[in-house]
Amino acid sequence: MVISPLYIALIVVTLAIGGFATFYVNSQLKKFKKVPASLGITGAEMARRMLAANGVSGVSIHQGAAGQDHFDPRNNSISLGPDEYNGTSITAIATACHEVGHAVQFAQGYSPMKVRSALVPVVNLASNAWMFLLLIGIFMNLAGLIDVAIIMYAAAVVFQIVTLPVEFNASRRAMAYLGTTGISQGEQSGAFSVLRACAFTYVAAALTSILQLLYLLTLRDNN
């Protein structure tokens, strides 16, 4: 199979987008990890306070692995990395508040989160099978199988697109709460920079997935 110039260009573009996203996020996280928040409380305590302020209970907060900050709706828990759980930096409190934003979404039945959660089983299946089906379809010249593979990949793209409003809304909730805590405008600006950088990773992932889907559709038309 000959690799087309279009596919090579796609690889270059996606690598460039991914590389810039990683650099930008890491630079912002490291920058504000060195800046202590004036409140002097840890990310874990900040998370507890934001949960209480939103009237949300029953959410467990625990220390997880580095870089594995997330909210898990399956057991209604928030996991924060060691630096975020124990740290008192701008990065720590911004990250903690963002994850609480997801917990509040879950507690309030935020619609995009419901849609995203409903897509998880489909995406788990699609992400493991679409490439395998695509390759078989190409080598055996089975257009129907190629179509199935593209549909499965499209489901994963939809999932990433639906993820965007979920992430943006969680950050908005985080910033709204931080604005009530009495931290300075400079600290709020730093927190926004952290959250904006993290949001960019989701934008970059969605963009590269859309480009990949467009290429797959072009591949289908040429077969």
# chains A, B, ... in the order shown; residues from 1 in each chain; ligands from 1
$ residues_around --residues "region 75-77 of chain A" --least-positions-apart "5" --cutoff "9 Å" --atoms "only C-alpha atoms" --output "CSV table (one decimal) with C-alpha atoms, in the first residue's frame"
chain,number,residue,atom,x,y,z
A,58,GLY,CA,-20.8,12.1,49.1
A,59,VAL,CA,-17.8,12.8,46.9
A,60,SER,CA,-14.5,11.2,48.0
A,61,ILE,CA,-11.2,12.9,47.4
A,62,HIS,CA,-8.0,10.9,47.4
A,70,HIS,CA,-9.8,13.3,37.3
A,103,ALA,CA,-18.4,16.5,40.4
A,106,PHE,CA,-22.6,15.0,37.8
$ residues_around --residues "region 126-142 of chain A" --least-positions-apart "4" --cutoff "10 Å" --atoms "only C-alpha atoms" --output "PyMOL selection string"
chain A and resi 1+120-122+146-156+216+219-220+223
$ write_last_selection --atoms "C-alpha atoms" --output "PDB file, in the first residue's frame"
ATOM      1  CA  MET A   1       0.000   0.000   0.000  1.00  0.00           C
ATOM      2  CA  VAL A 120     -18.101   5.677  26.883  1.00  0.00           C
ATOM      3  CA  PRO A 121     -18.995   1.984  26.204  1.00  0.00           C
ATOM      4  CA  VAL A 122     -19.346   2.669  22.477  1.00  0.00           C
ATOM      5  CA  ILE A 146     -14.234   0.242   5.667  1.00  0.00           C
ATOM      6  CA  ASP A 147     -17.559   2.006   6.231  1.00  0.00           C
ATOM      7  CA  VAL A 148     -18.051   0.226   9.549  1.00  0.00           C
ATOM      8  CA  ALA A 149     -14.541   1.210  10.641  1.00  0.00           C
ATOM      9  CA  ILE A 150     -15.149   4.857   9.728  1.00  0.00           C
ATOM     10  CA  ILE A 151     -18.476   4.891  11.573  1.00  0.00           C
ATOM     11  CA  MET A 152     -16.770   3.486  14.659  1.00  0.00           C
ATOM     12  CA  TYR A 153     -14.044   6.094  14.451  1.00  0.00           C
ATOM     13  CA  ALA A 154     -16.658   8.808  13.945  1.00  0.00           C
ATOM     14  CA  ALA A 155     -18.227   7.756  17.257  1.00  0.00           C
ATOM     15  CA  ALA A 156     -14.882   8.410  18.941  1.00  0.00           C
ATOM     16  CA  LEU A 216     -10.605   8.394   6.285  1.00  0.00           C
ATOM     17  CA  LEU A 219      -9.678   7.207   1.653  1.00  0.00           C
ATOM     18  CA  ARG A 220     -13.116   5.642   1.384  1.00  0.00           C
ATOM     19  CA  ASN A 223     -11.513   2.907  -2.838  1.00  0.00           C
TER      20      ASN A 223
END
$ residues_around --residues "Phe168 (chain A)" --least-positions-apart "5" --cutoff "9 Å" --atoms "only C-alpha atoms" --output "number ranges by chain"
A: 163, 173, 195-196, 199
$ residues_around --residues "region 10-26 of chain A" --least-positions-apart "4" --cutoff "12 Å" --atoms "only C-alpha atoms" --output "short mmCIF file (atom, residue, chain, number, x, y, z; two decimals) with N, CA, C and O atoms, in the first residue's frame"
data_model
loop_
_atom_site.label_atom_id
_atom_site.label_comp_id
_atom_site.auth_asym_id
_atom_site.auth_seq_id
_atom_site.Cartn_x
_atom_site.Cartn_y
_atom_site.Cartn_z
N ILE A 3 1.77 5.02 0.69
CA ILE A 3 1.37 6.07 1.63
C ILE A 3 1.25 7.38 0.87
O ILE A 3 2.20 7.84 0.25
N SER A 4 0.07 7.96 0.90
CA SER A 4 -0.18 9.17 0.12
C SER A 4 0.44 10.39 0.78
O SER A 4 0.62 10.44 2.00
N PRO A 5 0.76 11.42 -0.03
CA PRO A 5 1.28 12.67 0.52
C PRO A 5 0.31 13.31 1.50
O PRO A 5 0.72 13.96 2.47
N LEU A 6 -1.01 13.12 1.26
CA LEU A 6 -2.02 13.68 2.15
C LEU A 6 -1.90 13.07 3.55
O LEU A 6 -2.01 13.78 4.56
N LYS A 30 3.89 24.04 35.09
CA LYS A 30 5.14 24.22 35.84
C LYS A 30 5.28 25.65 36.34
O LYS A 30 5.73 25.88 37.46
N LYS A 31 4.91 26.60 35.50
CA LYS A 31 5.02 28.01 35.88
C LYS A 31 4.22 28.33 37.14
O LYS A 31 4.74 28.92 38.09
N PHE A 32 2.96 27.91 37.15
CA PHE A 32 2.10 28.27 38.27
C PHE A 32 2.16 27.27 39.42
O PHE A 32 1.58 27.52 40.48
N LYS A 33 2.87 26.17 39.21
CA LYS A 33 3.12 25.26 40.32
C LYS A 33 4.14 25.88 41.28
O LYS A 33 4.21 25.52 42.46
N GLY A 67 -0.13 13.39 37.62
CA GLY A 67 -0.70 13.65 36.31
C GLY A 67 -2.02 12.94 36.04
O GLY A 67 -2.53 12.98 34.93
N THR A 91 -1.55 26.21 40.53
CA THR A 91 -1.86 25.01 39.75
C THR A 91 -2.68 24.02 40.56
O THR A 91 -3.64 23.44 40.06
N SER A 193 -5.06 30.76 33.37
CA SER A 193 -4.01 30.32 32.43
C SER A 193 -3.81 28.81 32.52
O SER A 193 -3.63 28.13 31.49
N VAL A 194 -3.83 28.28 33.73
CA VAL A 194 -3.69 26.83 33.93
C VAL A 194 -4.85 26.09 33.28
O VAL A 194 -4.66 25.12 32.53
N LEU A 195 -6.07 26.55 33.56
CA LEU A 195 -7.25 25.86 33.04
C LEU A 195 -7.36 26.00 31.53
O LEU A 195 -7.78 25.07 30.83
N ARG A 196 -6.97 27.16 31.01
CA ARG A 196 -7.00 27.36 29.56
C ARG A 196 -6.02 26.42 28.87
O ARG A 196 -6.33 25.84 27.81
N ALA A 197 -4.84 26.26 29.46
CA ALA A 197 -3.84 25.36 28.88
C ALA A 197 -4.34 23.92 28.86
O ALA A 197 -4.20 23.21 27.85
N CYS A 198 -4.95 23.50 29.95
CA CYS A 198 -5.47 22.13 30.02
C CYS A 198 -6.60 21.93 29.01
O CYS A 198 -6.70 20.88 28.37
N ALA A 199 -7.46 22.95 28.86
CA ALA A 199 -8.56 22.86 27.90
C ALA A 199 -8.02 22.73 26.47
O ALA A 199 -8.63 22.06 25.63
N PHE A 200 -6.88 23.35 26.21
CA PHE A 200 -6.31 23.32 24.88
C PHE A 200 -5.96 21.89 24.46
O PHE A 200 -6.03 21.56 23.27
N THR A 201 -5.61 21.04 25.42
CA THR A 201 -5.29 19.65 25.07
C THR A 201 -6.51 18.94 24.48
O THR A 201 -6.39 18.14 23.56
N TYR A 202 -7.69 19.25 25.01
CA TYR A 202 -8.91 18.63 24.50
C TYR A 202 -9.27 19.20 23.12
O TYR A 202 -9.74 18.46 22.25
N VAL A 203 -9.03 20.49 22.94
CA VAL A 203 -9.26 21.10 21.63
C VAL A 203 -8.33 20.48 20.60
O VAL A 203 -8.75 20.15 19.48
N ALA A 204 -7.07 20.33 20.98
CA ALA A 204 -6.08 19.75 20.06
C ALA A 204 -6.45 18.32 19.71
O ALA A 204 -6.35 17.91 18.54
N ALA A 205 -6.88 17.54 20.70
CA ALA A 205 -7.26 16.15 20.45
C ALA A 205 -8.46 16.07 19.52
O ALA A 205 -8.51 15.24 18.60
N ALA A 206 -9.45 16.94 19.75
CA ALA A 206 -10.63 16.95 18.89
C ALA A 206 -10.27 17.35 17.47
O ALA A 206 -10.75 16.74 16.50
N LEU A 207 -9.42 18.34 17.33
CA LEU A 207 -9.02 18.82 16.01
C LEU A 207 -8.29 17.74 15.23
O LEU A 207 -8.57 17.50 14.04
N THR A 208 -7.34 17.08 15.86
CA THR A 208 -6.59 16.04 15.16
C THR A 208 -7.49 14.86 14.79
O THR A 208 -7.33 14.25 13.73
N SER A 209 -8.46 14.56 15.64
CA SER A 209 -9.39 13.47 15.35
C SER A 209 -10.28 13.81 14.16
O SER A 209 -10.58 12.96 13.31
N ILE A 210 -10.72 15.06 14.09
CA ILE A 210 -11.54 15.50 12.96
C ILE A 210 -10.73 15.42 11.66
O ILE A 210 -11.24 14.98 10.62
N LEU A 211 -9.48 15.84 11.71
CA LEU A 211 -8.62 15.76 10.52
C LEU A 211 -8.44 14.31 10.09
O LEU A 211 -8.48 14.00 8.88
N GLN A 212 -8.26 13.42 11.07
CA GLN A 212 -8.12 12.00 10.75
C GLN A 212 -9.40 11.45 10.13
O GLN A 212 -9.35 10.68 9.16
N LEU A 213 -10.54 11.87 10.64
CA LEU A 213 -11.82 11.41 10.09
C LEU A 213 -11.99 11.88 8.65
O LEU A 213 -12.44 11.12 7.78
N LEU A 214 -11.64 13.13 8.40
CA LEU A 214 -11.74 13.66 7.03
C LEU A 214 -10.85 12.87 6.09
O LEU A 214 -11.22 12.60 4.93
N TYR A 215 -9.66 12.48 6.56
CA TYR A 215 -8.77 11.68 5.72
C TYR A 215 -9.38 10.31 5.44
O TYR A 215 -9.32 9.81 4.31
N LEU A 216 -9.99 9.71 6.47
CA LEU A 216 -10.61 8.39 6.28
C LEU A 216 -11.74 8.46 5.27
O LEU A 216 -11.93 7.53 4.47
#
$ atom_distance --atom1 "CA of Gln28 (chain A)" --atom2 "CA of Ile78 (chain A)"
22.1 Å
$ residues_around --residues "Glu45 (chain A)" --least-positions-apart "6" --cutoff "12 Å" --atoms "only C-alpha atoms" --output "ChimeraX atom specification"
/A:39,51-52,60-62,80,84-88,92-93,96-97,100
$ write_last_selection --atoms "N, CA, C and O atoms" --output "CSV table (one decimal), in the first residue's frame"
chain,number,residue,atom,x,y,z
A,39,LEU,N,-4.3,31.8,49.8
A,39,LEU,CA,-5.1,31.1,50.7
A,39,LEU,C,-4.4,30.2,51.6
A,39,LEU,O,-4.8,29.9,52.8
A,51,LEU,N,-16.9,21.9,47.0
A,51,LEU,CA,-18.0,20.9,47.1
A,51,LEU,C,-19.1,21.4,48.1
A,51,LEU,O,-20.2,21.4,47.8
A,52,ALA,N,-18.6,21.8,49.2
A,52,ALA,CA,-19.5,22.3,50.2
A,52,ALA,C,-20.3,23.6,49.8
A,52,ALA,O,-21.5,23.7,50.0
A,60,SER,N,-15.8,11.5,47.4
A,60,SER,CA,-14.5,11.2,48.0
A,60,SER,C,-13.4,11.8,47.3
A,60,SER,O,-13.4,11.9,46.1
A,61,ILE,N,-12.4,12.3,48.0
A,61,ILE,CA,-11.2,12.9,47.4
A,61,ILE,C,-10.0,12.2,47.9
A,61,ILE,O,-9.8,12.0,49.1
A,62,HIS,N,-9.2,11.7,47.0
A,62,HIS,CA,-8.0,10.9,47.4
A,62,HIS,C,-6.9,11.3,46.5
A,62,HIS,O,-7.0,11.8,45.4
A,80,LEU,N,-6.6,13.4,42.8
A,80,LEU,CA,-5.6,14.4,42.5
A,80,LEU,C,-4.2,13.9,42.7
A,80,LEU,O,-3.9,13.1,43.6
A,84,GLU,N,-1.0,18.2,43.4
A,84,GLU,CA,-2.3,18.9,43.5
A,84,GLU,C,-3.0,18.6,44.8
A,84,GLU,O,-3.7,19.5,45.3
A,85,TYR,N,-2.9,17.4,45.3
A,85,TYR,CA,-3.6,17.0,46.5
A,85,TYR,C,-2.9,17.7,47.7
A,85,TYR,O,-3.6,18.3,48.6
A,86,ASN,N,-1.6,17.7,47.8
A,86,ASN,CA,-0.9,18.3,48.9
A,86,ASN,C,-0.4,19.7,48.7
A,86,ASN,O,-0.1,20.4,49.7
A,87,GLY,N,-0.3,20.2,47.5
A,87,GLY,CA,0.2,21.4,47.2
A,87,GLY,C,-0.7,22.6,47.4
A,87,GLY,O,-1.9,22.5,47.5
A,88,THR,N,-0.1,23.8,47.6
A,88,THR,CA,-0.9,25.0,47.8
A,88,THR,C,-0.7,26.0,46.7
A,88,THR,O,-1.0,27.2,46.9
A,92,ALA,N,-2.3,23.8,41.8
A,92,ALA,CA,-3.0,22.9,42.7
A,92,ALA,C,-4.4,23.2,42.9
A,92,ALA,O,-5.3,22.4,42.7
A,93,ILE,N,-4.7,24.5,43.3
A,93,ILE,CA,-6.1,24.8,43.6
A,93,ILE,C,-6.9,24.9,42.3
A,93,ILE,O,-8.1,24.6,42.3
A,96,ALA,N,-7.8,21.3,41.3
A,96,ALA,CA,-8.7,20.8,42.2
A,96,ALA,C,-10.1,21.3,41.9
A,96,ALA,O,-11.1,20.5,41.9
A,97,CYS,N,-10.2,22.6,41.7
A,97,CYS,CA,-11.5,23.2,41.5
A,97,CYS,C,-12.1,22.7,40.1
A,97,CYS,O,-13.3,22.5,40.0
A,100,VAL,N,-13.6,19.4,40.8
A,100,VAL,CA,-14.9,19.5,41.5
A,100,VAL,C,-16.0,20.0,40.6
A,100,VAL,O,-17.1,19.6,40.7
